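The structure under discussion appears below in the form of structure tokens.
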Amino acid sequence: MTSRPPSRFPYAPGSDGTPRIAYGADYNPEQWPRDVWDEDIRLMREAGVNTVSVGIFSWARVQPAEDAWDFAWLDELMDLLHAGGIGADLATATASPPPWLTTAHPEILPVTASGATVWPGARQHWRPTSPVFRAHALRLVRKMAERYADHPALVAWHVSNELGCHNIYDYSDDAARAFRDWLRARHGTLDALNHAWGTAFWSQRYSDWEQILPPRLAASHPNPTQQLDFKRFSSDALKEYLRAERDVLREVTPDVPVTTNFMVMGNTKGMNYPDWADEIDFVSNDHYVHPGPQDRDELSFSANLTSGIAGHRPWFLMEHSTSAVNWQPVNLAKRPGDLARDSLLHVAHGADAVCFFQWRQSAAGAEKYHSAMVPHAGPDSEVFRAVTGLGRTLQALAPVAGAGREPARVAVLFDWDSWWASEQDSHPTSRLDYRQEALDWYSALLALGIRADVVTTRAGLDAYDLLIAPVLHVIPEVLAKDLTRYVEGGGHLVTTYFSGVVDENDHIWLGGYPGALRDLLGIRIEEFGPLAADETVALDNATTGTVWTDRITVTGPAVEVLARYRTGAYAARPAVTRRAAGRGSATYVSTRLGADGLTVLLPELLAAAGVDSELPAAARGRVELAVRRGPDSRYLFLVNRTDETVPLPGIGGELLIGPAATEGGFALPPRDVAVLRQSAR
Amino acid sequence: MTSRPPSRFPYAPGSDGTPRIAYGADYNPEQWPRDVWDEDIRLMREAGVNTVSVGIFSWARVQPAEDAWDFAWLDELMDLLHAGGIGADLATATASPPPWLTTAHPEILPVTASGATVWPGARQHWRPTSPVFRAHALRLVRKMAERYADHPALVAWHVSNELGCHNIYDYSDDAARAFRDWLRARHGTLDALNHAWGTAFWSQRYSDWEQILPPRLAASHPNPTQQLDFKRFSSDALKEYLRAERDVLREVTPDVPVTTNFMVMGNTKGMNYPDWADEIDFVSNDHYVHPGPQDRDELSFSANLTSGIAGHRPWFLMEHSTSAVNWQPVNLAKRPGDLARDSLLHVAHGADAVCFFQWRQSAAGAEKYHSAMVPHAGPDSEVFRAVTGLGRTLQALAPVAGAGREPARVAVLFDWDSWWASEQDSHPTSRLDYRQEALDWYSALLALGIRADVVTTRAGLDAYDLLIAPVLHVIPEVLAKDLTRYVEGGGHLVTTYFSGVVDENDHIWLGGYPGALRDLLGIRIEEFGPLAADETVALDNATTGTVWTDRITVTGPAVEVLARYRTGAYAARPAVTRRAAGRGSATYVSTRLGADGLTVLLPELLAAAGVDSELPAAARGRVELAVRRGPDSRYLFLVNRTDETVPLPGIGGELLIGPAATEGGFALPPRDVAVLRQSAR
Amino acid sequence: MTSRPPSRFPYAPGSDGTPRIAYGADYNPEQWPRDVWDEDIRLMREAGVNTVSVGIFSWARVQPAEDAWDFAWLDELMDLLHAGGIGADLATATASPPPWLTTAHPEILPVTASGATVWPGARQHWRPTSPVFRAHALRLVRKMAERYADHPALVAWHVSNELGCHNIYDYSDDAARAFRDWLRARHGTLDALNHAWGTAFWSQRYSDWEQILPPRLAASHPNPTQQLDFKRFSSDALKEYLRAERDVLREVTPDVPVTTNFMVMGNTKGMNYPDWADEIDFVSNDHYVHPGPQDRDELSFSANLTSGIAGHRPWFLMEHSTSAVNWQPVNLAKRPGDLARDSLLHVAHGADAVCFFQWRQSAAGAEKYHSAMVPHAGPDSEVFRAVTGLGRTLQALAPVAGAGREPARVAVLFDWDSWWASEQDSHPTSRLDYRQEALDWYSALLALGIRADVVTTRAGLDAYDLLIAPVLHVIPEVLAKDLTRYVEGGGHLVTTYFSGVVDENDHIWLGGYPGALRDLLGIRIEEFGPLAADETVALDNATTGTVWTDRITVTGPAVEVLARYRTGAYAARPAVTRRAAGRGSATYVSTRLGADGLTVLLPELLAAAGVDSELPAAARGRVELAVRRGPDSRYLFLVNRTDETVPLPGIGGELLIGPAATEGGFALPPRDVAVLRQSAR
């Protein structure tokens with residue numbers, strides 16, 4: 001567990017002085033004539049908006065030339081917000097450098113692995129490691145901080161925007177220089193680096209730091225540890241940039257909390273957010289739904305993981321969408337009810353702010369087909385009516401503000417190092433999807449009505465009765481010991497195929513897989529059995545495996561075979577094993593069972609850990625339960641996952657939002673949400 | 001309607017002194033020994049060839065070094081043609097720069113969006129905006145013009161070749177400079193450009209013209225108006241180059257008509273041909289069939305559109321193929337009869353010349369597997385026999401020469417701005433296909449036996465009773481007024497999804513879609529409902545929608561719902577609406593119905609406009625009718641679209657070509673063509 | 001037939017002084033601590049390993065800086081091997097340049113067709129034509145040769161490694177210079193080159209050698225003869241580099257045989273190995289199975305072709321895998337028995353060495369998931385037990401060592417020029433797969449139990465009764481004459497679609513296809529009929545054609561139609577023809593029949609040539625037979641292709657390996673191999 005400064009969340013105080021859940025959006029009035037601003041403030045008040053992010057893409061506007069500054073419009077805007085009772089999460093405005101800067105300094109533009117320059121025209125066309133960019137950006141940060149340090153509308157600082165969304169991997173010479181410095185700090189000596197990277201193979205031994213390059217376009221697979229270290233470096237380089245902006249802000253406005261918006265969602269994997277979280281005063285996140293069969297499970301998973309990254313403390317939903325986005329191949333509009341349900345699912349998992357991109361839908365530019373709080377159709381629209389309805393709902397949830405997550409008894413472990421390393425090239429299979437495996441376990445838990453936390457290795461794992469660690473591929477020695485201790489202390493560990501295979505340098509733990517967990521699991525695997533795209537194997541517990549199998553030999557006396565392969569190359573061999581160890585156990589699942597298969601397997605694992613659903617039987621799988629706990633109260637969030645009304649008998653408490661309770665409980669309409677307050681026991 | 005110089009078509013005079021339809025090919029004798037030339041002339045005469053294009057790729061031959069010229073071979077060739085009674089459509093020879101030029105001046109080579117140089121090795125490796133290329137090319141043009149100004153074989157000038165086929169988009173520094181000049185001319189001031197491009201978003205505000213670049217490789221979606229303006233500029237840059245060549249030719253040979261070969265076909269969309277047509281003395285086109293279920297409909301559509309671009313005047317089919325091409329993934333040979341049928345379908349739509357690429361199939365080089373008039377097998381071949389047969393047919397059609405298109409009562413509007421803008425990135429869907437939607441309407445009209453013109457916004461729309469404007473996405477204010485006037489004047493307008501959404505700067509018409517047509521249509525749409533790739537919706541008129549739906553609210557009192565959604569997110573809502581306005585009407589189709597679905601819907605729309613088929617009932621859908629009209633006669637072209645014999649009772653007139661008439665009409669064999677002359681009423 | 005120096009194969013002498021089949025692996029002890037080396041030697045002896053390749057990727061280790069050398073570790077290793085009775089196939093260590101070299105000389109890095117630099121990070125990042133690279137590499141070669149010239153462990157030189165695996169095509173300026181020199185040598189004059197390349201088309205005529213470039217990124221299809229010549233040049237450039245290393249080695253150690261490992265497998269087609277084979281003392285090959293329905297047929301085909309390239313003499317299997325590889329999308333483990341069966345199938349086709357990549361599976365680096373003789377699991381593993389079992393089997397096969405291939409009566413002709421040329425762009429179809437067509441014929445022969453040799457045009461074709469030449473696309477005049485002579489001399493030639501179409505410059509043989517074979521076959525084709533991806537045609541012999549058809553006219557009186565099309569555009573026309581000529585015949589197959597269809601067609605062709613299976617009827621198709629012949633004995637290799645036990649009645653001889661014979665023959669277990677010795681008659 002890290003020691004993190006206490007969360008300093010920018011709560012918007014309510015009419016009675018108590019904190020309220022923040023509600024708002026990115027607000028980009030630069031795009032609109034001045035008379036629209038007044039309508040904006042009026043409509044914000046109508047909708048219950050109390051916090052907006054401003055200035056995110058304003059660099060070219062506030063600094064139209066190297067030595068010209070134009071703050072008048074922003075002064076006026078800040079005043080207007082303050083007058084309207086709306087707090088400003090003020091951006092440092094560094095997200096997208098202005099044309100004058102890139103024209104004068106093309107050496108700040110990123111370079112692809114193939115050597116192509118990434119030109120202006122879109123956004124975020126800057127090298128994270130460019131000293132020239134940093135000097136200009138920090139000068140702007142200081143200007144902004146000094147200008148608005150004492151402005152009453154200022155509630156928080158919003159560093160840059162979606163750091164790394166497009167520029168996480170830069171292969172420029174600036175990047176090469178910074179990579180070398182980072183490697184020197186990590187490995188100390190060239191000998192250590194040569195060993196860590198395994199440069200004895202393919203004649204890659206470095207004799208001087210200056211020889212080292214990012215993994216640019218190569219003739220074949222670049223060195224895997226070079227690749228892995230470059231991912232770590234790239235995340236760290238942006239973190240270092242985040243720290244640089246933050247340090248200026250802390251110096252000028254020590255009392256104003258600082259954040260930056262993460263993108264815990266889908267396949268955004270370049271930024272190691274658990275590692276970044278220490279650097280900011282409160283965690284913010286952006287999340288967009290990618291339509292598909294598990295889309296709302298994914299939303300829940302992401303929100304849950306964000307809570308894990310935030311150390312169970314409240315966090316800020318900085319962006320999501322009222323309806324369609326503009327960057328997917330086909331951008332579906334949300335169905336009625338989705339706007340509120342999606343928002344409240346974030347709140348259920350600890351969001352104390354619900355913000356959208358953006359307030360008013362653009363008439364021009366790259367995101368004009370991205371939905372907003374005020375759509376192209378204007379305020380006379382279903383979207384705006386849903387927006388104002390959500391504003392009222394969030395006001396009713398004001399009591400929840402500040403409450404943290406009440407830990408569950410089950411956790412799913414999500415690890416950036418394993419994500420990065422397990423999906424690299426020249427592996428047993430290119431079909432492995434780290435996040436999908438974790439999501440499948442999470443979906444199975446939801447299907448069984450089991451509340452679970454998604455946590456990172458920085459969390460206190462001992463708190464959980466059942467710890468599910470899917471594809472925990474990278475296991476340094478210390479983590480192997482921690483997991484052994486966890487099991488010996490009575491914990492129930494579940495892990496899967498391709499876990500425990502390598503150490504932090506992507507070196508194999510030798511002697512039979514999974515080397516780091518072999519003794520703990522009581523099994524030994526000599527060869528992996530990845531499956532082709534059209535291949536499946538049947539297990540004797542009526543589930544079906546895909547993607548992977550293992551040729552398992554049981555080596556420990558206390559190992560029980562929970563399921564065997566019925567078909568495939570390893571038919572009759574173990575597929576799922578469990579070793580009892582002390583009061584705990586260690587379970588291994590050697591194939592991808594998918595959410596459905598895991599729903600079959602999990603009950604046995606839950607039973608061993610003594611974990612049962614907190615929901616009435618009829619609601620399990622149909623309603624998601626999340627619990628937040630304040631000093632005096634606990635808040636049960638009940639989210640209908642289905643398109644049908646679900647009865648919820650026997651659940652009591654004060655209804656903050658949701659359908660009126662009937663005798664013996666209440667019934668939750670399709671995709672609706674109820675929040676109950678219970679006194680904290 | 002534009003004012004265009006009177007068409008100056010290079011008619012080959014017949015033996016009796018009257019014009020004949022031109023017949024011939026690209027002729028590249030440089031590829032063959034001298035003795036083959038004599039056989040060529042002999043075979044041309046045998047086949048009825050009267051016009052050939054020469055010199056297209058002869059730059060390296062006529063100018064083997066910067067200051068060396070070799071015209072002797074071309075002199076001989078021109079003399080030979082003249083002696084053989086064959087006219088020369090003489091190319092300016094600038095299509096492909098010779099190796100000595102690109103070696104001396106690599107700065108004329110195009111550059112891709114990613115910064116890669118486009119090297120020699122193929123053809124058309126030159127920047128449209130390169131001043132160095134232009135100087136060398138225009139010097140050659142002047143040489144050619146001066147040399148052959150008075151040669152009796154010269155009948156027309158052929159500027160370059162397929163301008164823009166490979167080099168329409170160039171991202172070089174030359175292009176950047178020219179783009180800035182073009183933008184200055186279009187927008188006047190930087191403020192105007194900043195507004196037009198919406199640079200207030202993503203910090204893109206320009207403070208100096210020199211900061212502006214083509215939309216090179218960027219970190220995310222480049223600014224959409226920058227993209228759209230770059231498409232406009234790129235078309236204009238080549239048009240400007242065309243003008244430069246033409247000006248030299250007009251100066252030296254004011255009496256010789258000038259053309260360049262367009263590529264109105266398939267997805268060739270970079271060149272705004274309606275806009276180019278003013279610059280030349282007669283319109284030429286190249287067309288190649290891309291095999292598929294609508295392949296001959298597409299041929300008809302392209303020929304029809306070419307006629308629209310030519311202002312209904314005769315045009316020149318500069319290239320098509322006798323059989324297979326060489327650049328498709330699989331290059332199918334034509335079936336017996338296709339060679340003539342395809343050629344005559346072009347003539348039906350106004351072509352007064354039928355030319356092929358190329359005369360004699362190459363033995364070497366990149367196009368050696370492209371069919372020709374004389375195939376690899378030689379003159380003793382089915383292809384050459386079909387070629388000579390077509391020569392005889394075209395002689396029989398000599399009376400048609402000079403006749404223009406007789407306007408139909410129905411038009412399909414095809415608009416380059418909407419094509420470019422509607423398919424840009426970061427849109428509601430990436431599945432929209434502008435030209436396919438237009439083609440589907442055209443196919444449905446063919447299926448119903450309705451003759452229709454394909455026209456551009458430069459046409460006089462008022463002439464049509466029914467105007468179909470599919471995906472008319474870009475509607476500037478003036479066009480919106482024109483369309484309103486059209487309807488109020490009794491016209492029947494039909495438009496579709498994603499029409500009227502933006503203005504000429506790609507700015508949304510606000511207040512609800514389709515902003516530019518909201519009042520005219522009497523509907524309002526708050527959100528688009530694009531459909532995923534595997535998604536369909538059923539309508540209550542037994543049709544099925546794909547790609548797109550709209551959430552329509554009827555706002556006008558005179559709006560009739562012609563069809564409703566039966567399934568999908570908008571079930572029970574309107575899918576097709578029609579608003580009566582004055583004596584006209586405005587219809588909106590909110591989904592892609594495809595050719596089959598439109599065939600169901602169209603009869604109702606045609607009936608409202610009082611349009612009926614001109615064909616006997618049994619022939620509708622099986623025979624395509626096109627009509628050309630001369631001073632005294634009209635010519636009915638009847639093209640059998642099927643593989644069966646089709647009866648054509650009750651159609652009278654003098655049979656120029658086709659099966660002998662029987663009692664009560666005649667019967668058209670599979671894929672055959674008949675042409676009837678009627679006296680013009 | 002080429003005159004090649006007598007094979008100088010590095011046989012490991014057995015305990016009784018007679019040669020043994022070499023057994024071993026790439027051995028990369030640099031990756032491991034010193035104490036592991038001792039265990040390695042012990043395990044090698046346990047496994048019967050007698051030969052290892054060392055130093056392949058050791059450049060950075062032996063030459064850590066331009067003027068620093070470190071041979072101590074390699075001295076120790078060589079001594080250790082010698083002490084262990086293990087021979088060293090010593091690499092020249094030039095395969096992968098060290099970081100210090102590429103840092104000092106980035107001008108040795110290859111450049112892609114798009115102009116991107118190929119950076120270090122993987123391996124083989126050097127330009128074959130770089131004079132700087134060559135100077136450094138040859139200096140190293142000389143050092144190695146001088147150092148180990150007299151070392152008793154040295155049994156052979158291993159030049160570089162898998163030459164051309166990643167760097168066969170380099171488009172750098174070095175390549176351009178070398179390409180020009182090569183072209184000058186090939187074509188003599190610019191006029192000749194201009195004619196050969198057909199530069200009269202597309203204005204490509206060169207007036208100076210300096211204007212010529214590799215076929216870099218172009219606007220459209222680059223000149224096809226330029227492309228073909230660039231492929232030839234690229235193969236020759238690497239061959240020339242191979243010669244340069246070899247010359248140094250021959251100078252210093254004239255008595256030590258030199259080899260380099262070819263990659264005759266799958267789609268590795270850049271290197272014209274038949275042409276390279278003359279340059280080395282014995283042929284080596286690397287082969288990896290790519291799982292699929294014909295995977296073991298492909299192994300047999302590749303081994304067979306390698307034997308053909310080696311002139312039927314024994315060759316060295318330098319690399320294959322004990323189980324999974326790491327570079328396929330999904331890397332399947334081998335099934336029990338495959339390790340031995342795959343190895344012995346190579347031996348059956350003439351391999352006198354069975355080596356793996358690599359000895360001990362890496363713990364780090366790009367190939368750590370590539371299987372090895374000692375897997376991650378260590379020697380206590382199924383893989384290592386299979387490895388030691390194979391070692392014993394190979395010892396039992398010692399008598400075979402030195403025996404050459406006993407020629408079969410049937411040959412499949414495989415031609416690099418036709419492979420390169422037939423699959424170029426802008427062809428009738430992009431669906432043609434040259435090697436697949438050859439493999440299909442080979443599979444059909446296996447299915448019928450017919451033994452066949454895979455040979456190149458350098459082989460003595462007259463030795464075969466039946467010569468199958470699929471897609472023999474490039475036929476220079478001399479080859480056309482040879483084939484005619486072959487048929488007239490009583491040979492039975494079978495060829496297919498797209499054969500005989502062009503000469504060595506990719507110029508069409510005019511007058512009707514297949515120009516070079518038209519008279520010999522007695523047919524004439526005016527047009528090709530390629531089939532779309534979903535298109536098939538039925539033949540009247542119950543087979544089905546895909547990919548291609550031809551419109552055939554029979555022109556010769558002695559032509560018999562063996563099969564006709566039943567469906568498709570050419571229904572009722574000939575599909576397969578045979579012309580009797582002298583005592584021989586010439587057969588043409590105009591469509592792709594696939595292995596199954598060819599199995600139907602072949603019996604008639606075999607019967608005409610008087611060829612019958614050498615296997616008992618029950619074993620045909622189920623067992624593959626290969627025969628090697630020594631001075632006194634012939635060795636029958638019988639390989640069970642199925643997963644069932646196959647009876648082999650009536651086959652006699654001394655059983656070297658395999659199941660004990662029973663009365664009347666023996667039965668071969670699934671995927672098992674038997675080797676019988678018979679006295680040579």
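Naming scheme: A, B, ... for chains in displayed order of the structure tokens; residues 1 onward per chain; ligands 1 onward as shown.
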* **Distance filter 6 Å, only C-alpha atoms, chain B against chain C, as a PyMOL selection string** => chain B and resi 30-31+57-60+96+98-99+103+116+118-123+125+166+326-327+329-331+363-366+376-378
Writing out the chosen residues with N, CA and C atoms as a CSV table (one decimal), in the first residue's frame:
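Output file selection_34.csv follows:
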chain,number,residue,atom,x,y,z
B,30,GLU,N,5.3,3.2,-80.0
B,30,GLU,CA,6.7,3.2,-79.5
B,30,GLU,C,7.0,1.8,-78.9
B,31,GLN,N,6.0,1.0,-78.5
B,31,GLN,CA,6.3,-0.3,-77.9
B,31,GLN,C,6.6,-1.3,-79.0
B,57,PHE,N,2.3,8.6,-73.4
B,57,PHE,CA,3.5,8.4,-72.6
B,57,PHE,C,4.8,8.5,-73.3
B,58,SER,N,4.9,9.5,-74.1
B,58,SER,CA,6.0,9.6,-75.0
B,58,SER,C,7.0,10.7,-74.6
B,59,TRP,N,6.9,11.3,-73.4
B,59,TRP,CA,7.8,12.3,-73.0
B,59,TRP,C,9.2,11.9,-73.2
B,60,ALA,N,9.6,10.7,-72.5
B,60,ALA,CA,10.9,10.2,-72.5
B,60,ALA,C,11.4,10.0,-74.0
B,96,SER,N,3.6,11.5,-67.7
B,96,SER,CA,4.6,10.8,-66.9
B,96,SER,C,6.0,11.3,-67.2
B,98,PRO,N,9.9,11.9,-67.5
B,98,PRO,CA,11.0,10.9,-67.9
B,98,PRO,C,12.0,10.8,-66.7
B,99,PRO,N,12.7,9.7,-66.7
B,99,PRO,CA,13.7,9.5,-65.6
B,99,PRO,C,14.8,10.7,-65.5
B,103,THR,N,15.4,12.5,-62.0
B,103,THR,CA,16.8,12.4,-61.4
B,103,THR,C,17.3,13.8,-61.2
B,116,ALA,N,6.3,10.0,-46.9
B,116,ALA,CA,7.1,9.2,-47.8
B,116,ALA,C,7.1,9.8,-49.2
B,118,VAL,N,7.0,9.6,-53.2
B,118,VAL,CA,6.5,8.7,-54.2
B,118,VAL,C,7.5,8.7,-55.4
B,119,TRP,N,8.2,7.6,-55.5
B,119,TRP,CA,9.3,7.5,-56.5
B,119,TRP,C,8.9,7.2,-57.9
B,120,PRO,N,9.7,7.4,-58.9
B,120,PRO,CA,9.4,6.9,-60.2
B,120,PRO,C,9.4,5.4,-60.3
B,121,GLY,N,9.0,4.8,-61.4
B,121,GLY,CA,8.9,3.4,-61.5
B,121,GLY,C,7.5,3.0,-62.1
B,122,ALA,N,6.5,3.8,-61.8
B,122,ALA,CA,5.2,3.6,-62.4
B,122,ALA,C,4.9,4.8,-63.3
B,123,ARG,N,4.0,5.6,-63.0
B,123,ARG,CA,3.6,6.8,-63.8
B,123,ARG,C,3.0,7.9,-62.9
B,125,HIS,N,4.2,10.4,-61.3
B,125,HIS,CA,4.9,10.7,-60.1
B,125,HIS,C,5.3,12.2,-60.1
B,166,HIS,N,-3.3,9.1,-59.8
B,166,HIS,CA,-2.5,8.6,-58.6
B,166,HIS,C,-2.0,9.8,-57.8
B,326,ASN,N,-6.2,-5.1,-65.8
B,326,ASN,CA,-5.1,-5.8,-65.1
B,326,ASN,C,-4.9,-5.4,-63.7
B,327,TRP,N,-5.8,-4.4,-63.2
B,327,TRP,CA,-5.5,-3.8,-61.9
B,327,TRP,C,-6.5,-4.2,-60.9
B,329,PRO,N,-8.3,-7.1,-58.3
B,329,PRO,CA,-7.8,-8.3,-57.7
B,329,PRO,C,-7.9,-9.6,-58.6
B,330,VAL,N,-9.1,-9.7,-59.2
B,330,VAL,CA,-9.3,-10.7,-60.2
B,330,VAL,C,-9.9,-10.1,-61.4
B,331,ASN,N,-9.2,-10.2,-62.6
B,331,ASN,CA,-9.6,-9.5,-63.8
B,331,ASN,C,-10.3,-10.4,-64.7
B,363,ALA,N,3.3,-6.3,-75.0
B,363,ALA,CA,4.0,-7.6,-74.7
B,363,ALA,C,4.8,-7.4,-73.4
B,364,ALA,N,5.0,-6.2,-72.9
B,364,ALA,CA,5.8,-6.0,-71.7
B,364,ALA,C,5.2,-4.8,-71.0
B,365,GLY,N,5.6,-4.6,-69.8
B,365,GLY,CA,5.2,-3.5,-69.0
B,365,GLY,C,4.0,-3.7,-68.1
B,366,ALA,N,3.6,-2.7,-67.3
B,366,ALA,CA,2.7,-2.9,-66.2
B,366,ALA,C,1.3,-3.3,-66.7
B,376,HIS,N,-3.1,-10.2,-77.5
B,376,HIS,CA,-1.8,-11.0,-77.6
B,376,HIS,C,-2.0,-12.1,-78.7
B,377,ALA,N,-3.2,-12.6,-78.8
B,377,ALA,CA,-3.5,-13.7,-79.7
B,377,ALA,C,-3.4,-13.2,-81.2
B,378,GLY,N,-3.5,-11.9,-81.4
B,378,GLY,CA,-3.4,-11.3,-82.7
B,378,GLY,C,-4.8,-11.1,-83.3
* **Surrounding residues of Trp157 (chain B) excluding itself and chain neighbours under 2 positions, 8 Å, only C-alpha atoms, as a PyMOL selection string** => chain B and resi 89-92+154-155+159+249+256-260
Can those selected residues be exported to a file as a short mmCIF file (atom, residue, chain, number, x, y, z; two decimals), in the first residue's frame so that it contains N, CA, C and O atoms?
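Everything below was put into part_17.cif:
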data_model
loop_
_atom_site.label_atom_id
_atom_site.label_comp_id
_atom_site.auth_asym_id
_atom_site.auth_seq_id
_atom_site.Cartn_x
_atom_site.Cartn_y
_atom_site.Cartn_z
N ASP B 89 -5.85 12.25 -81.97
CA ASP B 89 -6.08 12.99 -80.72
C ASP B 89 -4.73 13.01 -80.03
O ASP B 89 -4.35 12.04 -79.38
N LEU B 90 -4.01 14.08 -80.23
CA LEU B 90 -2.59 14.09 -79.86
C LEU B 90 -2.40 14.51 -78.41
O LEU B 90 -2.86 15.58 -77.99
N ALA B 91 -1.73 13.66 -77.65
CA ALA B 91 -1.47 13.98 -76.25
C ALA B 91 -0.36 15.01 -76.14
O ALA B 91 0.53 15.09 -76.99
N THR B 92 -0.41 15.77 -75.05
CA THR B 92 0.67 16.71 -74.77
C THR B 92 1.88 15.98 -74.20
O THR B 92 2.93 16.59 -74.03
N LEU B 154 -4.00 16.01 -87.07
CA LEU B 154 -4.36 16.50 -85.73
C LEU B 154 -5.84 16.89 -85.67
O LEU B 154 -6.28 17.81 -86.37
N VAL B 155 -6.61 16.21 -84.82
CA VAL B 155 -8.03 16.56 -84.68
C VAL B 155 -8.35 17.14 -83.31
O VAL B 155 -9.34 17.83 -83.14
N VAL B 159 -4.87 16.60 -73.18
CA VAL B 159 -4.00 17.13 -72.13
C VAL B 159 -3.63 16.02 -71.15
O VAL B 159 -4.52 15.37 -70.59
N LEU B 249 -1.91 25.61 -75.43
CA LEU B 249 -2.48 25.02 -76.65
C LEU B 249 -3.37 26.03 -77.37
O LEU B 249 -3.30 26.18 -78.59
N VAL B 256 -7.89 24.19 -82.59
CA VAL B 256 -7.91 22.75 -82.29
C VAL B 256 -8.55 22.54 -80.92
O VAL B 256 -8.10 23.11 -79.94
N PRO B 257 -9.61 21.73 -80.86
CA PRO B 257 -10.28 21.54 -79.57
C PRO B 257 -9.39 20.79 -78.57
O PRO B 257 -8.58 19.94 -78.95
N VAL B 258 -9.59 21.14 -77.31
CA VAL B 258 -8.77 20.59 -76.22
C VAL B 258 -9.64 19.77 -75.29
O VAL B 258 -10.75 20.19 -74.94
N THR B 259 -9.14 18.63 -74.90
CA THR B 259 -9.85 17.85 -73.90
C THR B 259 -8.84 17.23 -72.95
O THR B 259 -7.63 17.36 -73.11
N THR B 260 -9.35 16.59 -71.91
CA THR B 260 -8.54 15.71 -71.06
C THR B 260 -9.48 14.61 -70.60
O THR B 260 -10.69 14.83 -70.48
#
* **Distance query Ser284 (chain B) at most 7 Å, only C-alpha atoms, self and fewer than 6 positions along chain excluded, as a count of residues only** => 8
* To do: Show which residues sit within 10 Å of Leu242 (chain A), as an MDAnalysis selection string. Count only C-alpha atoms, and ignore same-chain residues fewer than 5 positions away.
  => chainID A and resid 128 159:160 163 236:237 247 259:260 276 279:280
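Between CA of Ala104 (chain A) and CA of Arg127 (chain A) the interatomic distance comes to 15.0 Å.
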* Identify which of the residues C:Leu472, C:Leu676, C:Leu479, C:Leu339 lies closest to Gly652 (chain C), counting only C-alpha atoms when measuring atom-to-atom distances. =>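 Closest candidate: C:Leu676.
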* To do: Quick one: everything within 10 Å of Ala626 (chain A), counting only C-alpha atoms, minus sequence neighbours fewer than 5 positions away in the same chain. Send it as number ranges by chain.
  => A: 300, 304, 345, 347-350, 405-408, 450-453, 635-639, 675
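Among the candidates C:Tyr241, C:Tyr588, C:Tyr23, C:Tyr171, the one nearest to Arg518 (chain C) when counting only C-alpha atoms is C:Tyr588.
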* Please identify all polymer residues within 10 Å of Gly449 (chain C), counting only C-alpha atoms, omitting same-chain residues fewer than 6 positions from it, and present them as a list in words. => Ser443, Asp612, Ser613, Glu614, Leu615, Pro616, Ala617, Ala618, Ala619, Arg620, Gly621, Arg622, Val623, Glu624 and Leu625 of chain C
